[in-house]
Amino acid sequence: MSVTTLPSSAAAAGVVVITGASSGIGRSAAALFGRRGWRVGLIARNADNLHAARKDVEAAGGTASVAVADVADSAALEAAAARIEGELGPIDVWINNAGVGIFAKFMDIAEDEFRRLTDVNYLGTVNGTRVALRRMLPRNRGTVVQILSAISYRGVPLQSPYSGSKYALRGFTEAIRAELANDNSAVHVTMVHPPAVNTPFYNHALSHMPKPVRPPPPVYQPELVADAIYLAATTRRREVKVAGATLGFAVANKLTPGLLDFFAGKVGVTSQQSNEGGAVAVRDPNLHGPGQRPSSVHGPFDGESLSTSAQMWANKNRGAVGLAVGLGLIGLAMLAGPSARAMVGGGAAARALRR
């Protein structure tokens with residue numbers, strides 16, 4: 001299947017807006033877009049960390065504009081978008097990346113905590129999508145990138161509000177995509193599904209657990225996710241699964257959901273807690289307000305985090321993957337003997353007759 005990619009001249013002149021741009025995946029993506037010649041709008045709640053992200057973009061050779069806003073506040077988000085467009089020009093790509101976390105068993109999460117996470121993760125992305133479409137639909141061009149998660153395919157213990165928000169966003173995105181198809185709109189909406197990522201998310205998440213929280217292995221570096229976001233933003237992919245762990249979640253939940261219930265229940269709680277690592281030393285919860293410490297792209301798990309993914313290679317090399325699969329099927333048919341080859345040949349003959 002061929003991939004439609006934006007021309008390099010269009011990409012170089014593009015304007016991208018990233019929410020949650022002050023740390024982690026968002027900040028990594030901002031630097032990547034800057035390095036590729038984009039003008040980058042940065043939105044988050046902490047002004048100092050936003051300005052640090054802007055320096056990253058400028059050091060990479062890009063141009064940036066910053067706007068402080070809470071994505072849960074639709075009016076503030078609209079004002080931020082207007083400010084960025086006033087400085088950088090019309091928005092071509094909008095990336096809904098902002099998100100917060102809570103680690104606790106469901107009955108230990110206060111009602112206001114659960115609501116606040118939903119307001120940020122779910123309604124914040126809804127708000128961002130509305131702000132973006134308000135600008136893109138009249139021009140009949142643009143791309144909205146939703147940063148979801150492997151958890152959008154499989155909920156996990158200790159993250160019930162986060163799991164719910166990511167599942168909801170997948171349904172929301174599919175509904176919006178169908179409406180755009182009904183209107184014959186050229187505006188594109190896509191999803192990126194990261195695995196566990198080494199970012200300050202685990203330092204910022206509210207936790208009611210007895211031990212420091214951590215990402216369950218395997219853990220990947222945020223630069224890999226930034227690469228996936230760029231791929232999604234510059235091609236008309238329906239979605240991008242970043243790593244094999246994400247694909248595994250999606251497939252296993254379809255084929256053996258009961259077994260996954262059992263497995264997640266037995267290892268999901270312990271795999272997200274540890275006495276090792278630096279997360280607890282720099283706790284800076286940001287559920288109800290911006291973090292107060294300087295943030296960064298990476299979390300405290302550099303020593304175990306992976307920078308490459310076979311799944312991302314496959315995402316970028318669909319032609320090679322398709323060729324390999326085709327050659328493999330031919331090889332299997334040859335090994336299976338004359339009867340199998342006859343079936344393959346007969347199928348080809350039938351298709352030729354139908355033409």
# chains A, B, ... in the order shown; residues from 1 in each chain; ligands from 1
>>> closest_atom_pairs(of="segment 195-222 of chain A", to="segment 110-121 of chain A", cutoff="12 Å", atoms="only C-alpha atoms", output="Markdown table")
| residue | atom | partner | partner_atom | distance |
| --- | --- | --- | --- | --- |
| A:Ala205 | CA | A:Leu117 | CA | 10.3 |
| A:Leu206 | CA | A:Glu113 | CA | 9.0 |
| A:Ser207 | CA | A:Glu113 | CA | 10.9 |
| A:His208 | CA | A:Ala110 | CA | 10.4 |
>>> select_by_dssp(residues="segment 102-275 of chain A", states="helix (DSSP H, G or I)", output="number ranges by chain")
A: 106-108, 111-139, 150-152, 160-182, 201-204, 222-234, 244-255, 257-267, 270-272
>>> select_by_dssp(residues="segment 152-298 of chain A", states="strand (DSSP E or B)", output="PyMOL selection string")
chain A and resi 188-193+196-197+206-207+213+219-220+235+239-241+273
>>> write_last_selection(atoms="N, CA and C atoms", output="CSV table (one decimal), in the first residue's frame")
chain,number,residue,atom,x,y,z
A,188,HIS,N,-7.7,15.3,7.9
A,188,HIS,CA,-7.4,13.9,8.3
A,188,HIS,C,-7.3,13.9,9.9
A,189,VAL,N,-7.8,12.8,10.5
A,189,VAL,CA,-7.6,12.6,11.9
A,189,VAL,C,-6.9,11.2,12.1
A,190,THR,N,-5.8,11.2,12.8
A,190,THR,CA,-5.1,9.9,13.0
A,190,THR,C,-4.8,9.7,14.5
A,191,MET,N,-4.4,8.5,14.8
A,191,MET,CA,-4.1,8.1,16.2
A,191,MET,C,-2.7,7.5,16.3
A,192,VAL,N,-1.9,7.8,17.3
A,192,VAL,CA,-0.6,7.2,17.6
A,192,VAL,C,-0.8,6.5,19.0
A,193,HIS,N,-0.3,5.3,19.0
A,193,HIS,CA,-0.4,4.4,20.2
A,193,HIS,C,1.0,4.1,20.8
A,196,ALA,N,4.9,1.8,26.8
A,196,ALA,CA,5.5,2.4,28.0
A,196,ALA,C,6.7,3.2,27.6
A,197,VAL,N,6.7,4.5,28.0
A,197,VAL,CA,7.8,5.4,27.5
A,197,VAL,C,8.5,6.0,28.7
A,206,LEU,N,0.0,11.5,40.0
A,206,LEU,CA,-0.5,11.4,41.4
A,206,LEU,C,-0.5,9.9,41.7
A,207,SER,N,0.1,9.5,42.9
A,207,SER,CA,0.1,8.1,43.2
A,207,SER,C,-0.4,7.9,44.7
A,213,VAL,N,6.1,4.4,41.5
A,213,VAL,CA,5.5,3.9,40.3
A,213,VAL,C,6.5,4.0,39.1
A,219,VAL,N,10.3,-0.7,28.1
A,219,VAL,CA,10.2,0.7,28.1
A,219,VAL,C,10.9,1.3,26.9
A,220,TYR,N,10.4,2.3,26.2
A,220,TYR,CA,11.0,2.9,25.1
A,220,TYR,C,11.3,4.4,25.3
A,235,THR,N,1.8,11.7,6.9
A,235,THR,CA,1.2,10.7,6.0
A,235,THR,C,-0.3,10.5,6.4
A,239,GLU,N,-3.7,5.0,11.8
A,239,GLU,CA,-3.2,5.0,13.1
A,239,GLU,C,-1.7,4.4,13.0
A,240,VAL,N,-0.9,4.7,14.0
A,240,VAL,CA,0.4,4.2,14.1
A,240,VAL,C,0.6,3.5,15.4
A,241,LYS,N,0.9,2.2,15.4
A,241,LYS,CA,1.3,1.5,16.7
A,241,LYS,C,2.8,1.6,16.7
A,273,GLN,N,5.3,-0.9,39.9
A,273,GLN,CA,5.9,-0.4,41.2
A,273,GLN,C,7.3,-1.0,41.3
>>> residues_around(residues="Gly86 of chain A", least_positions_apart="5", cutoff="12 Å", atoms="only C-alpha atoms", output="count of residues only")
9
>>> closest_atom_pairs(of="segment 181-269 of chain A", to="segment 305-314 of chain A", cutoff="7 Å", atoms="only C-alpha atoms", output="CSV")
residue,atom,partner,partner_atom,distance
A:Asn198,CA,A:Ser305,CA,6.7
A:Val219,CA,A:Ser305,CA,4.9
A:Tyr220,CA,A:Leu306,CA,4.5
A:Gln221,CA,A:Ser307,CA,5.4
A:Leu224,CA,A:Ser307,CA,6.1
A:Val242,CA,A:Met312,CA,5.7
A:Ala243,CA,A:Gln311,CA,5.0
A:Gly244,CA,A:Gln311,CA,5.5
>>> closest_residue(among="A:Val297, A:Val282, A:Ile102, A:Ala47", to="Ala29 of chain A", atoms="only C-alpha atoms")
A:Val297
>>> closest_residue(among="A:Asn315, A:Arg293, A:Gly171, A:Pro157", to="Lys266 of chain A", atoms="only C-alpha atoms")
A:Pro157
>>> decode(residues="segment 220-301 of chain A", atoms="C-alpha atoms", output="short mmCIF file (atom, residue, chain, number, x, y, z; two decimals), in the first residue's frame")
data_model
loop_
_atom_site.label_atom_id
_atom_site.label_comp_id
_atom_site.auth_asym_id
_atom_site.auth_seq_id
_atom_site.Cartn_x
_atom_site.Cartn_y
_atom_site.Cartn_z
CA TYR A 220 10.97 2.91 25.05
CA GLN A 221 12.58 6.32 24.65
CA PRO A 222 10.34 9.30 23.78
CA GLU A 223 12.30 10.03 20.59
CA LEU A 224 10.88 6.84 19.09
CA VAL A 225 7.34 8.05 19.80
CA ALA A 226 8.18 11.48 18.38
CA ASP A 227 9.24 9.74 15.17
CA ALA A 228 5.89 7.92 15.08
CA ILE A 229 4.04 11.20 15.61
CA TYR A 230 5.91 12.80 12.71
CA LEU A 231 5.03 9.81 10.53
CA ALA A 232 1.36 10.10 11.46
CA ALA A 233 1.34 13.87 10.93
CA THR A 234 2.90 13.76 7.47
CA THR A 235 1.17 10.71 5.99
CA ARG A 236 -2.48 9.80 5.84
CA ARG A 237 -2.20 6.79 8.15
CA ARG A 238 -5.29 5.75 10.07
CA GLU A 239 -3.15 4.96 13.11
CA VAL A 240 0.43 4.18 14.08
CA LYS A 241 1.28 1.53 16.65
CA VAL A 242 4.73 2.43 17.95
CA ALA A 243 6.04 -0.90 19.22
CA GLY A 244 5.35 -4.61 19.23
CA ALA A 245 4.00 -4.32 22.77
CA THR A 246 1.21 -2.07 21.47
CA LEU A 247 0.38 -4.46 18.66
CA GLY A 248 0.48 -7.35 21.12
CA PHE A 249 -2.01 -5.63 23.43
CA ALA A 250 -4.42 -5.06 20.55
CA VAL A 251 -4.21 -8.62 19.19
CA ALA A 252 -4.25 -10.39 22.57
CA ASN A 253 -7.27 -8.44 23.75
CA LYS A 254 -9.19 -9.59 20.68
CA LEU A 255 -8.11 -13.22 20.78
CA THR A 256 -7.75 -14.05 24.48
CA PRO A 257 -9.29 -11.27 26.60
CA GLY A 258 -9.99 -13.58 29.54
CA LEU A 259 -6.40 -14.77 29.67
CA LEU A 260 -5.27 -11.15 29.53
CA ASP A 261 -7.56 -10.34 32.48
CA PHE A 262 -5.81 -13.01 34.50
CA PHE A 263 -2.30 -12.03 33.39
CA ALA A 264 -2.86 -8.29 33.97
CA GLY A 265 -4.31 -9.01 37.39
CA LYS A 266 -1.37 -11.14 38.45
CA VAL A 267 1.53 -9.04 37.17
CA GLY A 268 0.06 -5.64 36.29
CA VAL A 269 0.16 -4.24 39.82
CA THR A 270 3.68 -5.33 40.73
CA SER A 271 5.17 -4.44 37.31
CA GLN A 272 4.13 -0.81 37.80
CA GLN A 273 5.87 -0.40 41.18
CA SER A 274 9.50 -0.66 42.20
CA ASN A 275 11.90 0.23 44.98
CA GLU A 276 14.50 1.06 42.35
CA GLY A 277 14.77 4.02 39.99
CA GLY A 278 14.66 7.78 40.54
CA ALA A 279 10.94 8.45 40.23
CA VAL A 280 10.21 8.98 43.91
CA ALA A 281 13.14 11.34 44.43
CA VAL A 282 11.63 13.98 42.16
CA ARG A 283 7.91 13.70 42.80
CA ASP A 284 6.09 16.65 41.22
CA PRO A 285 2.38 15.79 40.83
CA ASN A 286 0.62 17.90 38.21
CA LEU A 287 -2.96 16.64 38.29
CA HIS A 288 -4.59 19.80 39.62
CA GLY A 289 -1.98 22.30 38.50
CA PRO A 290 1.30 22.58 36.59
CA GLY A 291 4.38 20.91 37.97
CA GLN A 292 6.66 23.21 39.94
CA ARG A 293 10.05 21.75 38.98
CA PRO A 294 12.04 22.03 35.76
CA SER A 295 10.95 19.19 33.49
CA SER A 296 12.72 17.31 30.70
CA VAL A 297 12.23 14.96 27.77
CA HIS A 298 13.44 11.81 29.55
CA GLY A 299 12.35 10.20 32.79
CA PRO A 300 14.65 8.28 35.19
CA PHE A 301 14.68 5.01 33.21
#
